[in-house]
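Taking it in order: structure first as structure tokens, then the write-up.
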Number of protein chains: 2
Amino acid sequence: MRIFFLGTSAGVPTRDRNVSCVAVRRGGELLLFDVGEGAQRQLIKAGLGLKTKTKIFITHMHGDHLVGLLALLQTFSLAGREDPMLVFGPEKVAAFINSNLEMMGVRPTFPIQMHTLSDGFVQENGEYVIRALRTRHSTETYALSLEEKQRPGKFDPEKAKSLKIPVTLWRNLQKGERVTVGEREIDPRLVVSEPRKGRKIVISSDTYPIDAMVRFAEGADVLIHESTYGEDHLDKTEKNLHSSAGQAALIASRALVRLLVLTHFSTRYNDLSALVKEARRVFPRVVAARDFMVVTVAYP
Amino acid sequence: MRIFFLGTSAGVPTRDRNVSCVAVRRGGELLLFDVGEGAQRQLIKAGLGLKTKTKIFITHMHGDHLVGLLALLQTFSLAGREDPMLVFGPEKVAAFINSNLEMMGVRPTFPIQMHTLSDGFVQENGEYVIRALRTRHSTETYALSLEEKQRPGKFDPEKAKSLKIPVTLWRNLQKGERVTVGEREIDPRLVVSEPRKGRKIVISSDTYPIDAMVRFAEGADVLIHESTYGEDHLDKTEKNLHSSAGQAALIASRALVRLLVLTHFSTRYNDLSALVKEARRVFPRVVAARDFMVVTVAYP
């Protein structure tokens, strides 16, 4: 699982930073968390094709998280995509898509499946669960988590050989079934290790620091938390319902995450070293995102 | 007058080319002709502030010419702009702006004055006239021309001195008035040259080559004509209602323009040398636009 930071500026782009977009590549899928204006071109520059299975999550209706959707849908149509496109977001996203495609004269060549976000469970498949958490921001906004399911334990072929278990039965043991060899009944736990934990990543989106984020992000391998300001503008976090670097670090510390990535920086910060320093005083495992940074999430 | 090419790719951006946007800086004003997705960031990268008097012209409702409007209006609002913003475009642009600003929760801090484009006269002030020409494209689309008014002729102070005309009367002569010196009546043409031609630039927007463009672009200092294809895809010009490099050159040649700038290239052309060569066979004074190219338009 690799996380591509494609837009790390808050509100307005800069020369070096585009507006919000995080792309997650996982098992042949591309998951996009917010698509601010220009997300499409950032994807092209990052070498991420638009041809893979793609799901799009819109955390809220602010333009710098949303507008890139229009060009993406237009491009998918120009390319003649046929696979359904899943779009998750607040209820208004459907109207945003429908009214704009009509005004722009785009007839999608593929079905768009809209899923309205609400607090709690969002989606699951055999491999992972997506959950949402309503944050505290100036409009309906959701943090999102992707949590992989447990993987089966690791099979130990040497152990199986030493126990003289025929190869034809290995598969059953791997599935967790008991098997019988001669008169012996073999417990799968003899040759298969404990189920292994999956990976978990959490994207805070825009939010004032909230206690609920601690439980939501608990034990995450990567917490991507907004850090619009530093302690030099703490007053603004409350006024504009955003977080400071130190506030994000406190969440990370309480949630016992493996890595905190700060992002969504106000354009007033050209140099982020003060923000990183501020966070590091509270939580040591922190980096500031920059556009085109890639984080590979290893198994814990 | 300087022309900034901020987006030269057709339909979809590439690593090197963003979608359509031409910015014209003239006498303290910034005129934007189309604002495809990401236009705002291109303006920032080109060092063009958003604080000057700005007029925006949308030639048609295709996303790659239009979508950048949303982020621009959001940013102007974040910056607390108060000056009115003039937006020219097809009738639907008003609905596009209003519905999106409402969905995105943006309350503009400035009045947006919408002007619907139609064939012919668009706007004039003391210095220039803007005209529109309906092109031949898959949706209602307009080419636009900016034509400066004649400037008064040049006053020749040496000649005026030699004719012993008192300095107090020079201003009247400059304005084209006859003056009396002693018993002599002085014709202003004796000391003021012929009125000087203003500059003219024309932007074709998206179009199949049309005869009407020849008259519309007649004598232009710069004709910016779309050149989506080369002669290798002539069939596509008719099918998709676009032009080839050679077709654009033929228009330029018939309209006797000073310079032809090709733009709006299909993403299939990484190397544009074949397109320039094709155009040059028909019309010699031609360049291919690239992003961040600047053309300074001198007086003829």
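Going by the structure tokens order, chains are called A, B, ..., each with residues numbered from 1, while ligands are numbered from 1 in the order shown.
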
Using only C-alpha atoms, find each residue in chain A having at least one atom no more than 9 Å away from chain B; report its shortest atom-to-atom pair and that distance in Å (one decimal), rows by chain then rising number, as a tab-separated table.
residue	atom	partner	partner_atom	distance
A:Gly11	CA	B:Thr75	CA	7.7
A:Val12	CA	B:Thr75	CA	6.7
A:Pro13	CA	B:Arg41	CA	6.0
A:Thr14	CA	B:Arg41	CA	6.7
A:Arg15	CA	B:Lys45	CA	5.5
A:Asn18	CA	B:Arg41	CA	7.9
A:Glu37	CA	B:Gly38	CA	6.0
A:Gly38	CA	B:Gly38	CA	5.1
A:Ala39	CA	B:Gly38	CA	8.9
A:Gln40	CA	B:Pro13	CA	8.0
A:Arg41	CA	B:Pro13	CA	6.0
A:Gln42	CA	B:Arg15	CA	8.4
A:Ile44	CA	B:Arg15	CA	6.6
A:Lys45	CA	B:Arg15	CA	5.5
A:His60	CA	B:Met104	CA	8.9
A:Met61	CA	B:Met104	CA	5.2
A:His62	CA	B:Met104	CA	5.3
A:Gly63	CA	B:Met104	CA	6.1
A:Asp64	CA	B:Ala71	CA	7.2
A:Leu66	CA	B:Met104	CA	8.7
A:Val67	CA	B:Leu70	CA	7.5
A:Gly68	CA	B:Glu37	CA	7.6
A:Leu70	CA	B:Gly63	CA	7.3
A:Ala71	CA	B:Gly63	CA	6.4
A:Gln74	CA	B:Gly63	CA	7.3
A:Thr75	CA	B:Val12	CA	6.7
A:Leu78	CA	B:Gly11	CA	8.5
A:Lys92	CA	B:Met103	CA	7.0
A:Val93	CA	B:Met103	CA	8.5
A:Ala95	CA	B:Met103	CA	8.3
A:Phe96	CA	B:Met103	CA	7.0
A:Ser99	CA	B:Ser99	CA	8.3
A:Asn100	CA	B:Phe96	CA	7.2
A:Leu101	CA	B:Gly63	CA	8.9
A:Met103	CA	B:Phe96	CA	7.0
A:Met104	CA	B:Met61	CA	5.2
A:Gly105	CA	B:His62	CA	7.2
A:Val106	CA	B:His62	CA	8.3
A:Thr139	CA	B:Gly105	CA	8.3

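Within stretch 193-287 of chain B, residues classed as strand (DSSP E or B) by DSSP on backbone coordinates are Arg196, Lys200, Ile201, Val202, Ile203, Val222, Leu223, Ile224, His225, Glu226, Tyr229, Ser244, Leu259, Leu260, Val261, Leu262, Thr263, Phe265, Val286 and Val287 of chain B.
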
Saved selection, atoms kept: N, CA and C atoms, as a PDB file, in the first residue's frame:
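The resulting part-v9.pdb:
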ATOM      1  N   ARG B 196      -2.344  56.880 -35.195  1.00  0.00           N
ATOM      2  CA  ARG B 196      -1.625  55.610 -35.277  1.00  0.00           C
ATOM      3  C   ARG B 196      -2.555  54.448 -34.966  1.00  0.00           C
ATOM      4  N   LYS B 200      -4.113  44.688 -32.415  1.00  0.00           N
ATOM      5  CA  LYS B 200      -5.266  43.787 -32.477  1.00  0.00           C
ATOM      6  C   LYS B 200      -4.813  42.355 -32.241  1.00  0.00           C
ATOM      7  N   ILE B 201      -5.476  41.696 -31.319  1.00  0.00           N
ATOM      8  CA  ILE B 201      -5.191  40.267 -31.135  1.00  0.00           C
ATOM      9  C   ILE B 201      -6.501  39.489 -31.231  1.00  0.00           C
ATOM     10  N   VAL B 202      -6.407  38.279 -31.739  1.00  0.00           N
ATOM     11  CA  VAL B 202      -7.595  37.443 -31.931  1.00  0.00           C
ATOM     12  C   VAL B 202      -7.312  36.059 -31.373  1.00  0.00           C
ATOM     13  N   ILE B 203      -8.296  35.548 -30.633  1.00  0.00           N
ATOM     14  CA  ILE B 203      -8.207  34.195 -30.073  1.00  0.00           C
ATOM     15  C   ILE B 203      -9.327  33.367 -30.688  1.00  0.00           C
ATOM     16  N   VAL B 222      -1.548  39.567 -33.685  1.00  0.00           N
ATOM     17  CA  VAL B 222      -1.362  38.172 -33.266  1.00  0.00           C
ATOM     18  C   VAL B 222      -2.691  37.439 -33.426  1.00  0.00           C
ATOM     19  N   LEU B 223      -2.659  36.354 -34.158  1.00  0.00           N
ATOM     20  CA  LEU B 223      -3.807  35.441 -34.208  1.00  0.00           C
ATOM     21  C   LEU B 223      -3.406  34.177 -33.451  1.00  0.00           C
ATOM     22  N   ILE B 224      -4.154  33.902 -32.388  1.00  0.00           N
ATOM     23  CA  ILE B 224      -3.942  32.671 -31.623  1.00  0.00           C
ATOM     24  C   ILE B 224      -4.996  31.692 -32.114  1.00  0.00           C
ATOM     25  N   HIS B 225      -4.581  30.716 -32.877  1.00  0.00           N
ATOM     26  CA  HIS B 225      -5.569  29.813 -33.495  1.00  0.00           C
ATOM     27  C   HIS B 225      -5.339  28.402 -32.990  1.00  0.00           C
ATOM     28  N   GLU B 226      -6.432  27.724 -32.709  1.00  0.00           N
ATOM     29  CA  GLU B 226      -6.313  26.350 -32.260  1.00  0.00           C
ATOM     30  C   GLU B 226      -5.745  25.478 -33.377  1.00  0.00           C
ATOM     31  N   TYR B 229      -4.959  19.271 -34.237  1.00  0.00           N
ATOM     32  CA  TYR B 229      -4.374  18.142 -34.977  1.00  0.00           C
ATOM     33  C   TYR B 229      -3.356  18.611 -36.006  1.00  0.00           C
ATOM     34  N   SER B 244      -6.621  21.826 -38.016  1.00  0.00           N
ATOM     35  CA  SER B 244      -5.249  21.319 -38.114  1.00  0.00           C
ATOM     36  C   SER B 244      -4.308  22.519 -38.204  1.00  0.00           C
ATOM     37  N   LEU B 259       1.489  37.669 -36.869  1.00  0.00           N
ATOM     38  CA  LEU B 259       2.044  36.457 -36.244  1.00  0.00           C
ATOM     39  C   LEU B 259       0.910  35.480 -35.952  1.00  0.00           C
ATOM     40  N   LEU B 260       1.149  34.227 -36.265  1.00  0.00           N
ATOM     41  CA  LEU B 260       0.211  33.161 -35.914  1.00  0.00           C
ATOM     42  C   LEU B 260       0.814  32.344 -34.780  1.00  0.00           C
ATOM     43  N   VAL B 261       0.049  32.186 -33.703  1.00  0.00           N
ATOM     44  CA  VAL B 261       0.474  31.308 -32.610  1.00  0.00           C
ATOM     45  C   VAL B 261      -0.462  30.110 -32.585  1.00  0.00           C
ATOM     46  N   LEU B 262       0.084  28.941 -32.780  1.00  0.00           N
ATOM     47  CA  LEU B 262      -0.722  27.715 -32.703  1.00  0.00           C
ATOM     48  C   LEU B 262      -0.832  27.277 -31.248  1.00  0.00           C
ATOM     49  N   THR B 263      -1.996  26.751 -30.877  1.00  0.00           N
ATOM     50  CA  THR B 263      -2.170  26.255 -29.506  1.00  0.00           C
ATOM     51  C   THR B 263      -3.256  25.178 -29.481  1.00  0.00           C
ATOM     52  N   PHE B 265      -3.195  21.838 -28.434  1.00  0.00           N
ATOM     53  CA  PHE B 265      -2.699  20.650 -29.116  1.00  0.00           C
ATOM     54  C   PHE B 265      -3.238  19.376 -28.481  1.00  0.00           C
ATOM     55  N   VAL B 286       4.984  31.822 -37.887  1.00  0.00           N
ATOM     56  CA  VAL B 286       4.189  30.966 -37.015  1.00  0.00           C
ATOM     57  C   VAL B 286       5.053  30.401 -35.895  1.00  0.00           C
ATOM     58  N   VAL B 287       4.490  30.341 -34.690  1.00  0.00           N
ATOM     59  CA  VAL B 287       5.140  29.639 -33.579  1.00  0.00           C
ATOM     60  C   VAL B 287       4.108  28.735 -32.903  1.00  0.00           C
TER      61      VAL B 287
END

*Mind checking DSSP for stretch 117-165 of chain B and telling me the helix (DSSP H, G or I) residues as a ChimeraX atom specification?*
/B:157-162

Within 7 Å of A:Ile3, counting only C-alpha atoms, which residues show up once you throw out same-chain ones fewer than 2 positions away? Write them as a compact mmCIF listing (two decimals) with N, CA and C atoms, in the first residue's frame, please.
# COMPACT_ATOMS: atom_id res chain seq x y z
N MET A 1 0.86 -1.20 0.00
CA MET A 1 0.00 0.00 0.00
C MET A 1 0.89 1.24 0.00
N PHE A 5 1.02 11.81 -1.91
CA PHE A 5 0.52 13.13 -1.52
C PHE A 5 0.54 14.02 -2.77
N VAL A 22 -5.11 13.13 -1.81
CA VAL A 22 -4.27 12.01 -1.38
C VAL A 22 -4.70 10.80 -2.21
N ALA A 23 -3.75 10.15 -2.84
CA ALA A 23 -4.07 8.94 -3.62
C ALA A 23 -3.45 7.74 -2.92
N VAL A 24 -4.24 6.69 -2.80
CA VAL A 24 -3.74 5.46 -2.17
C VAL A 24 -3.82 4.34 -3.20
N ARG A 25 -2.67 3.75 -3.46
CA ARG A 25 -2.63 2.63 -4.37
C ARG A 25 -2.55 1.37 -3.54
N VAL A 294 5.83 10.12 -1.39
CA VAL A 294 5.17 8.81 -1.37
C VAL A 294 5.54 8.11 -0.07
N VAL A 295 4.54 7.61 0.63
CA VAL A 295 4.77 6.85 1.85
C VAL A 295 4.34 5.40 1.60
N THR A 296 5.28 4.49 1.74
CA THR A 296 4.94 3.07 1.60
C THR A 296 4.58 2.54 2.98

Would you pick out the contacts of A:Gly230 at 9 Å or less, using only C-alpha atoms, so that residues sharing its chain but fewer than 6 positions from it are not included, and give the list as an NGL selection string? :A and (243-246 or 269 or 274-275 or 278)

**Prompt:** Could you pull the residues within 8 Å of stretch 144-157 of chain B, counting only C-alpha atoms, minus those fewer than 5 positions along the same chain, as number ranges by chain?
**Reply:** B: 59, 126-133, 174-175, 191-205, 216-217

So that I can see what lies close to stretch 80-91 of chain A, please list as a CSV table (one decimal) with N, CA, C and O atoms, in the first residue's frame the residues with an atom at most 9 Å from it, counting only C-alpha atoms and leaving out residues fewer than 6 positions away in the same chain.
chain,number,residue,atom,x,y,z
A,51,LYS,N,-6.6,4.5,-15.4
A,51,LYS,CA,-7.3,3.4,-16.0
A,51,LYS,C,-7.6,2.3,-15.0
A,51,LYS,O,-8.4,1.4,-15.3
A,53,LYS,N,-9.0,0.6,-11.4
A,53,LYS,CA,-10.2,0.7,-10.6
A,53,LYS,C,-10.0,1.8,-9.7
A,53,LYS,O,-9.1,1.9,-8.9
A,54,THR,N,-11.0,2.8,-9.7
A,54,THR,CA,-10.8,4.0,-9.0
A,54,THR,C,-12.0,4.3,-8.1
A,54,THR,O,-13.2,4.1,-8.6
A,55,LYS,N,-11.8,4.6,-6.8
A,55,LYS,CA,-12.9,5.1,-6.0
A,55,LYS,C,-12.5,6.5,-5.5
A,55,LYS,O,-11.4,6.7,-5.2
A,56,ILE,N,-13.5,7.4,-5.5
A,56,ILE,CA,-13.2,8.7,-5.1
A,56,ILE,C,-14.0,9.1,-3.8
A,56,ILE,O,-15.2,8.8,-3.8
A,57,PHE,N,-13.3,9.6,-2.9
A,57,PHE,CA,-13.9,10.1,-1.6
A,57,PHE,C,-13.8,11.6,-1.5
A,57,PHE,O,-12.7,12.1,-1.6
A,58,ILE,N,-14.9,12.3,-1.4
A,58,ILE,CA,-15.0,13.7,-1.2
A,58,ILE,C,-15.3,14.0,0.3
A,58,ILE,O,-16.4,13.6,0.7
A,59,THR,N,-14.4,14.6,1.0
A,59,THR,CA,-14.6,14.7,2.5
A,59,THR,C,-15.6,15.9,2.8
A,59,THR,O,-16.3,15.8,3.8
A,60,HIS,N,-15.6,16.9,1.9
A,60,HIS,CA,-16.6,18.0,2.1
A,60,HIS,C,-16.7,18.9,0.9
A,60,HIS,O,-15.9,18.7,-0.1
A,61,MET,N,-17.6,19.8,0.9
A,61,MET,CA,-18.0,20.5,-0.4
A,61,MET,C,-17.1,21.8,-0.6
A,61,MET,O,-17.6,22.6,-1.4
A,108,PRO,N,-21.5,11.0,-19.4
A,108,PRO,CA,-20.6,10.0,-18.9
A,108,PRO,C,-20.8,8.6,-19.7
A,108,PRO,O,-21.9,8.2,-19.9
A,109,THR,N,-19.7,8.0,-20.1
A,109,THR,CA,-19.8,6.8,-20.8
A,109,THR,C,-19.8,5.6,-19.8
A,109,THR,O,-19.8,4.4,-20.2
A,110,PHE,N,-19.9,5.9,-18.5
A,110,PHE,CA,-19.9,4.9,-17.5
A,110,PHE,C,-20.8,5.3,-16.4
A,110,PHE,O,-21.2,6.4,-16.2
A,111,PRO,N,-21.3,4.3,-15.6
A,111,PRO,CA,-22.2,4.6,-14.5
A,111,PRO,C,-21.5,5.2,-13.3
A,111,PRO,O,-20.4,4.8,-13.0
A,112,ILE,N,-22.1,6.3,-12.8
A,112,ILE,CA,-21.5,6.9,-11.6
A,112,ILE,C,-22.3,6.5,-10.4
A,112,ILE,O,-23.5,6.7,-10.4
A,113,GLN,N,-21.7,5.7,-9.5
A,113,GLN,CA,-22.5,5.3,-8.3
A,113,GLN,C,-22.2,6.1,-7.1
A,113,GLN,O,-21.0,6.1,-6.6
A,114,MET,N,-23.1,6.9,-6.7
A,114,MET,CA,-22.9,7.9,-5.6
A,114,MET,C,-23.3,7.2,-4.3
A,114,MET,O,-24.3,6.5,-4.1
A,115,HIS,N,-22.4,7.3,-3.3
A,115,HIS,CA,-22.7,6.9,-1.9
A,115,HIS,C,-22.6,8.0,-1.0
A,115,HIS,O,-21.5,8.7,-0.9
A,116,THR,N,-23.6,8.3,-0.2
A,116,THR,CA,-23.6,9.4,0.7
A,116,THR,C,-22.9,9.0,2.0
A,116,THR,O,-23.2,8.0,2.6
A,117,LEU,N,-21.9,9.9,2.4
A,117,LEU,CA,-21.2,9.6,3.6
A,117,LEU,C,-22.0,10.0,4.8
A,117,LEU,O,-22.8,10.9,4.8
A,118,SER,N,-21.9,9.2,5.8
A,118,SER,CA,-22.4,9.6,7.2
A,118,SER,C,-21.5,9.0,8.2
A,118,SER,O,-20.6,8.2,7.9
A,122,VAL,N,-18.8,2.9,6.1
A,122,VAL,CA,-19.0,3.4,4.8
A,122,VAL,C,-19.0,2.3,3.8
A,122,VAL,O,-20.0,2.2,3.0
A,140,GLU,N,-20.3,20.3,6.6
A,140,GLU,CA,-20.3,18.9,6.9
A,140,GLU,C,-19.1,18.2,6.3
A,140,GLU,O,-18.9,18.2,5.1
A,141,THR,N,-18.2,17.7,7.2
A,141,THR,CA,-16.9,17.2,6.7
A,141,THR,C,-16.6,15.8,7.4
A,141,THR,O,-17.0,15.6,8.6
A,142,TYR,N,-16.0,14.9,6.7
A,142,TYR,CA,-15.7,13.6,7.2
A,142,TYR,C,-14.2,13.3,7.2
A,142,TYR,O,-13.6,13.5,6.1

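As for atom CA of A:Tyr299 and atom CA of A:Ala220, they are spaced 11.3 Å apart.
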